[in-house]
Amino acid sequence: MPNTPSPIAIITGGSRGIGAAIAERLATDGVVVVVNYARAEQAAAQVVHRIEAAGGRALAVQADVADPASAMVLFDAAEQAFGGVDILVNNAGTMALGAFAELSDADVARQFEVNVAGPFRTLREAARRLRHGGRIVNFSSSVVGLYQPRYGAYAATKAAVEAMTHVLAKELAPRGITVNAVAPGPTETEMFLGGKSDEQLRAMAAANPFGRFGQPQEIADVVAFLASPAAGWVNGQVLRVNGGVV
Ligand code: NAP
């Protein structure tokens with residue numbers, strides 16, 4: 001068997017929820033993982049610990065993606081520790097729901113900083129520094145196509161992510177790098193469950209053809225495919241991973 005070096009991945013927001021599941025799933029595929037977090041230092045350390053206990057390699061790196069320096073911090077850390085970057089998963093995100101009449105400027109600005117400006121900067125850094133044959137997976141949301149009340153600002157940020165995905169896919173293809181996005185539906189994490197009543201959650205689960213929510217692992221499995229060598233001919237796509245909810 002040829003002794004090929006392990007790919008190196010940066011996962012933004014890898015301390016909890018879907019990002020933590022992606023970090024652990026990629027590590028089981030032999031990927032070396034940089035687990036980014038903003039505040040949850042202990043949770044990120046636990047993700048790293050679980051990966052190392054299973055025989056993998058990982059490093060936790062603090063950086064708030066809303067900070068303009070964050071993209072450089074993450075790529076510098078990955079290059080210094082592991083020698084380069086092959087995979088970027090732009091998973092970190094935030095959501096503030098509210099009708100147009102209710103949302104504050106601060107709610108809107110924060111969502112655009114974390115969900116759009118942050119990914120723009122990591123994508124720019126990836127465009128400069130990702131190695132040949134690399135993989136980028138961005139995070140949209142199925143709400144982009146649902147036009148539900150109270151999701152106006154959040155859905156707008158994710159529509160911007162989809163636009164960046166399509167454009168960058170064309171820019172980086174000559175270097176053998178693919179750029180895709182996943183758009184999960186309701187997935188059981190703190191972000192989704194927070195602030196919803198049991199009754200609301202029951203109704204939302206019932207609206208899915210499977211009658212339930214997605215699990216972080218089910219999103220991570222799709223990200224792992226898009227990040228793998230097997231997905232080399234999948235480029236500029238947005239994959240709605242949601243059990244078929246429309
Ligand atoms: P989550 O449970 O709230 O976890 C969010 C993760 O992102 C945490 O690791 C958090 O780190 C990190 N994060 C938040 N703000 C950050 C920042 N400014 N800089 C760096 N890291 C930051 O969220 P999730 O449900 O797993 O969502 C992951 C992605 O999927 C998001 O892009 C979200 O929009 C998208 N999505 C989720 C759903 C869903 O139903 N869950 C559906 C569609 C799309 P700390 O712990 O350090 O704060």
# chains A, B, ... in the order shown; residues from 1 in each chain; ligands from 1

$ residues_around --residues "Val223 of chain A" --least-positions-apart "4" --cutoff "7 Å" --atoms "only C-alpha atoms" --output "ChimeraX atom specification"
/A:137,219,227

$ residues_around --residues "Ala106 of chain A" --least-positions-apart "6" --cutoff "12 Å" --atoms "only C-alpha atoms" --output "PyMOL selection string"
chain A and resi 96+112-113+153

$ write_last_selection --atoms "C-alpha atoms" --output "short mmCIF file (atom, residue, chain, number, x, y, z; two decimals), in the first residue's frame"
data_model
loop_
_atom_site.label_atom_id
_atom_site.label_comp_id
_atom_site.auth_asym_id
_atom_site.auth_seq_id
_atom_site.Cartn_x
_atom_site.Cartn_y
_atom_site.Cartn_z
CA ALA A 96 -31.29 34.90 15.11
CA PHE A 112 -23.80 38.51 8.27
CA GLU A 113 -20.42 38.74 10.06
CA ALA A 153 -31.98 37.53 7.73
#

$ select_by_dssp --residues "segment 10-174 of chain A" --states "helix (DSSP H, G or I)" --output "JSON, numbers by chain"
{"A": [17, 18, 19, 20, 21, 22, 23, 24, 25, 26, 27, 28, 41, 42, 43, 44, 45, 46, 47, 48, 49, 50, 51, 52, 53, 70, 71, 72, 73, 74, 75, 76, 77, 78, 79, 80, 81, 82, 105, 106, 107, 108, 109, 110, 111, 112, 113, 114, 115, 116, 117, 118, 119, 120, 121, 122, 123, 124, 125, 126, 127, 128, 129, 142, 143, 144, 145, 152, 153, 154, 155, 156, 157, 158, 159, 160, 161, 162, 163, 164, 165, 166, 167, 168, 169, 170, 171, 172, 173, 174]}

$ closest_atom_pairs --of "chain A" --to "ligand 1" --cutoff "7 Å" --atoms "only C-alpha atoms and all ligand atoms" --output "JSON lines"
{"residue": "A:Thr12", "atom": "CA", "partner": "ligand 1", "partner_atom_place_in_ligand_line": "21 (N)", "distance": 5.7}
{"residue": "A:Gly13", "atom": "CA", "partner": "ligand 1", "partner_atom_place_in_ligand_line": "12 (C)", "distance": 3.4}
{"residue": "A:Gly14", "atom": "CA", "partner": "ligand 1", "partner_atom_place_in_ligand_line": "9 (O)", "distance": 4.6}
{"residue": "A:Ser15", "atom": "CA", "partner": "ligand 1", "partner_atom_place_in_ligand_line": "9 (O)", "distance": 3.9}
{"residue": "A:Arg16", "atom": "CA", "partner": "ligand 1", "partner_atom_place_in_ligand_line": "9 (O)", "distance": 4.2}
{"residue": "A:Gly17", "atom": "CA", "partner": "ligand 1", "partner_atom_place_in_ligand_line": "26 (O)", "distance": 3.6}
{"residue": "A:Ile18", "atom": "CA", "partner": "ligand 1", "partner_atom_place_in_ligand_line": "26 (O)", "distance": 3.8}
{"residue": "A:Gly19", "atom": "CA", "partner": "ligand 1", "partner_atom_place_in_ligand_line": "26 (O)", "distance": 5.6}
{"residue": "A:Ala20", "atom": "CA", "partner": "ligand 1", "partner_atom_place_in_ligand_line": "9 (O)", "distance": 6.9}
{"residue": "A:Asn36", "atom": "CA", "partner": "ligand 1", "partner_atom_place_in_ligand_line": "21 (N)", "distance": 6.4}
{"residue": "A:Tyr37", "atom": "CA", "partner": "ligand 1", "partner_atom_place_in_ligand_line": "47 (O)", "distance": 3.9}
{"residue": "A:Ala38", "atom": "CA", "partner": "ligand 1", "partner_atom_place_in_ligand_line": "47 (O)", "distance": 3.5}
{"residue": "A:Arg39", "atom": "CA", "partner": "ligand 1", "partner_atom_place_in_ligand_line": "47 (O)", "distance": 3.5}
{"residue": "A:Ala40", "atom": "CA", "partner": "ligand 1", "partner_atom_place_in_ligand_line": "47 (O)", "distance": 3.7}
{"residue": "A:Glu41", "atom": "CA", "partner": "ligand 1", "partner_atom_place_in_ligand_line": "47 (O)", "distance": 6.4}
{"residue": "A:Ala63", "atom": "CA", "partner": "ligand 1", "partner_atom_place_in_ligand_line": "20 (C)", "distance": 5.8}
{"residue": "A:Asp64", "atom": "CA", "partner": "ligand 1", "partner_atom_place_in_ligand_line": "19 (N)", "distance": 3.5}
{"residue": "A:Val65", "atom": "CA", "partner": "ligand 1", "partner_atom_place_in_ligand_line": "19 (N)", "distance": 3.9}
{"residue": "A:Ala66", "atom": "CA", "partner": "ligand 1", "partner_atom_place_in_ligand_line": "18 (N)", "distance": 5.1}
{"residue": "A:Asn91", "atom": "CA", "partner": "ligand 1", "partner_atom_place_in_ligand_line": "32 (O)", "distance": 4.6}
{"residue": "A:Ala92", "atom": "CA", "partner": "ligand 1", "partner_atom_place_in_ligand_line": "7 (O)", "distance": 3.7}
{"residue": "A:Gly93", "atom": "CA", "partner": "ligand 1", "partner_atom_place_in_ligand_line": "32 (O)", "distance": 3.6}
{"residue": "A:Thr94", "atom": "CA", "partner": "ligand 1", "partner_atom_place_in_ligand_line": "15 (N)", "distance": 5.6}
{"residue": "A:Met95", "atom": "CA", "partner": "ligand 1", "partner_atom_place_in_ligand_line": "34 (O)", "distance": 6.5}
{"residue": "A:Val114", "atom": "CA", "partner": "ligand 1", "partner_atom_place_in_ligand_line": "18 (N)", "distance": 5.1}
{"residue": "A:Asn115", "atom": "CA", "partner": "ligand 1", "partner_atom_place_in_ligand_line": "32 (O)", "distance": 6.8}
{"residue": "A:Phe139", "atom": "CA", "partner": "ligand 1", "partner_atom_place_in_ligand_line": "32 (O)", "distance": 5.0}
{"residue": "A:Ser140", "atom": "CA", "partner": "ligand 1", "partner_atom_place_in_ligand_line": "44 (C)", "distance": 5.7}
{"residue": "A:Ser141", "atom": "CA", "partner": "ligand 1", "partner_atom_place_in_ligand_line": "43 (C)", "distance": 3.9}
{"residue": "A:Ser142", "atom": "CA", "partner": "ligand 1", "partner_atom_place_in_ligand_line": "43 (C)", "distance": 6.0}
{"residue": "A:Ala183", "atom": "CA", "partner": "ligand 1", "partner_atom_place_in_ligand_line": "43 (C)", "distance": 5.8}
{"residue": "A:Pro184", "atom": "CA", "partner": "ligand 1", "partner_atom_place_in_ligand_line": "43 (C)", "distance": 4.2}
{"residue": "A:Gly185", "atom": "CA", "partner": "ligand 1", "partner_atom_place_in_ligand_line": "42 (C)", "distance": 4.8}
{"residue": "A:Pro186", "atom": "CA", "partner": "ligand 1", "partner_atom_place_in_ligand_line": "40 (O)", "distance": 3.6}
{"residue": "A:Thr187", "atom": "CA", "partner": "ligand 1", "partner_atom_place_in_ligand_line": "40 (O)", "distance": 3.7}
{"residue": "A:Glu188", "atom": "CA", "partner": "ligand 1", "partner_atom_place_in_ligand_line": "41 (N)", "distance": 5.8}
{"residue": "A:Thr189", "atom": "CA", "partner": "ligand 1", "partner_atom_place_in_ligand_line": "2 (O)", "distance": 4.5}
{"residue": "A:Glu190", "atom": "CA", "partner": "ligand 1", "partner_atom_place_in_ligand_line": "2 (O)", "distance": 4.3}
{"residue": "A:Met191", "atom": "CA", "partner": "ligand 1", "partner_atom_place_in_ligand_line": "3 (O)", "distance": 3.9}
{"residue": "A:Phe192", "atom": "CA", "partner": "ligand 1", "partner_atom_place_in_ligand_line": "41 (N)", "distance": 4.5}

$ closest_residue --among "A:Leu123, A:Ala44, A:Ala231, A:Leu26" --to "Ala71 of chain A" --atoms "only C-alpha atoms"
A:Leu123

$ residues_around --residues "Gly211 of chain A" --least-positions-apart "3" --cutoff "12 Å" --atoms "only C-alpha atoms" --output "list of chain:residue names"
A:Pro186, A:Leu201, A:Arg202, A:Ala203, A:Met204, A:Ala205, A:Ala206, A:Ala207, A:Asn208, A:Gly214, A:Asn242, A:Gly243, A:Gly244, A:Val245

$ write_last_selection --atoms "C-alpha atoms" --output "mmCIF file, in the first residue's frame"
data_model
loop_
_atom_site.group_PDB
_atom_site.id
_atom_site.type_symbol
_atom_site.label_atom_id
_atom_site.label_comp_id
_atom_site.auth_asym_id
_atom_site.auth_seq_id
_atom_site.Cartn_x
_atom_site.Cartn_y
_atom_site.Cartn_z
ATOM 1 C CA PRO A 186 -33.756 20.667 10.921
ATOM 2 C CA LEU A 201 -40.682 20.897 17.695
ATOM 3 C CA ARG A 202 -43.313 18.149 17.411
ATOM 4 C CA ALA A 203 -44.989 19.988 14.520
ATOM 5 C CA MET A 204 -41.675 20.509 12.734
ATOM 6 C CA ALA A 205 -40.709 16.847 13.113
ATOM 7 C CA ALA A 206 -44.128 15.789 11.812
ATOM 8 C CA ALA A 207 -43.628 17.981 8.718
ATOM 9 C CA ASN A 208 -40.672 15.858 7.641
ATOM 10 C CA GLY A 214 -31.806 14.869 11.222
ATOM 11 C CA ASN A 242 -32.972 17.064 5.014
ATOM 12 C CA GLY A 243 -34.910 13.810 4.668
ATOM 13 C CA GLY A 244 -36.902 15.260 1.793
ATOM 14 C CA VAL A 245 -38.644 18.161 3.539
#

$ atom_distance --atom1 "atom CA of Leu59 of chain A" --atom2 "atom CA of Ala173 of chain A"
28.6 Å

$ closest_residue --among "A:Thr165, A:Gln42, A:Ser70, A:Ser6" --to "Asn235 of chain A" --atoms "only C-alpha atoms"
A:Thr165

$ atom_distance --atom1 "atom CA of Val182 of chain A" --atom2 "atom CA of Leu97 of chain A"
20.6 Å

$ closest_residue --among "A:Val234, A:Val241, A:Arg150, A:Asp76" --to "Gln217 of chain A" --atoms "only C-alpha atoms"
A:Val241

$ residues_around --residues "Val33 of chain A" --least-positions-apart "4" --cutoff "8 Å" --atoms "only C-alpha atoms" --output "PyMOL selection string"
chain A and resi 8-11+23+26-27+57-59

$ closest_residue --among "A:Ala78, A:Val31, A:Val238, A:Ile22" --to "Arg129 of chain A" --atoms "only C-alpha atoms"
A:Ala78

$ residues_around --residues "Met164 of chain A" --least-positions-apart "5" --cutoff "12 Å" --atoms "only C-alpha atoms" --output "list in words"
Asn90, Asn115, Val116, Ala117, Pro119, Phe120, Arg121, Thr122, Leu123, Arg124, Ile136, Val137, Asn138, Phe139, Ser140, Thr157, Lys158, Ala159, Ala169, Lys170, Glu171, Leu172, Val179, Asn180, Ala181, Gly236, Gln237 and Val238 of chain A

$ atom_distance --atom1 "atom CA of Arg240 of chain A" --atom2 "atom CA of Leu74 of chain A"
27.5 Å

$ closest_residue --among "A:Pro149, A:Leu168, A:Phe210, A:Arg135" --to "Trp233 of chain A" --atoms "only C-alpha atoms"
A:Arg135

$ select_by_dssp --residues "segment 10-92 of chain A" --states "strand (DSSP E or B)" --output "ChimeraX atom specification"
/A:10-11,32-37,58-62,87-90

$ residues_around --residues "Ala155 of chain A" --least-positions-apart "5" --cutoff "9 Å" --atoms "only C-alpha atoms" --output "list in words"
Ser140, Ser141, Ser142, Val143, Val144, Gly145, Leu146, Tyr147, Gln148 and Ala160 of chain A

$ closest_residue --among "A:Val167, A:Tyr151, A:Gly133, A:Glu162" --to "Ala230 of chain A" --atoms "only C-alpha atoms"
A:Gly133
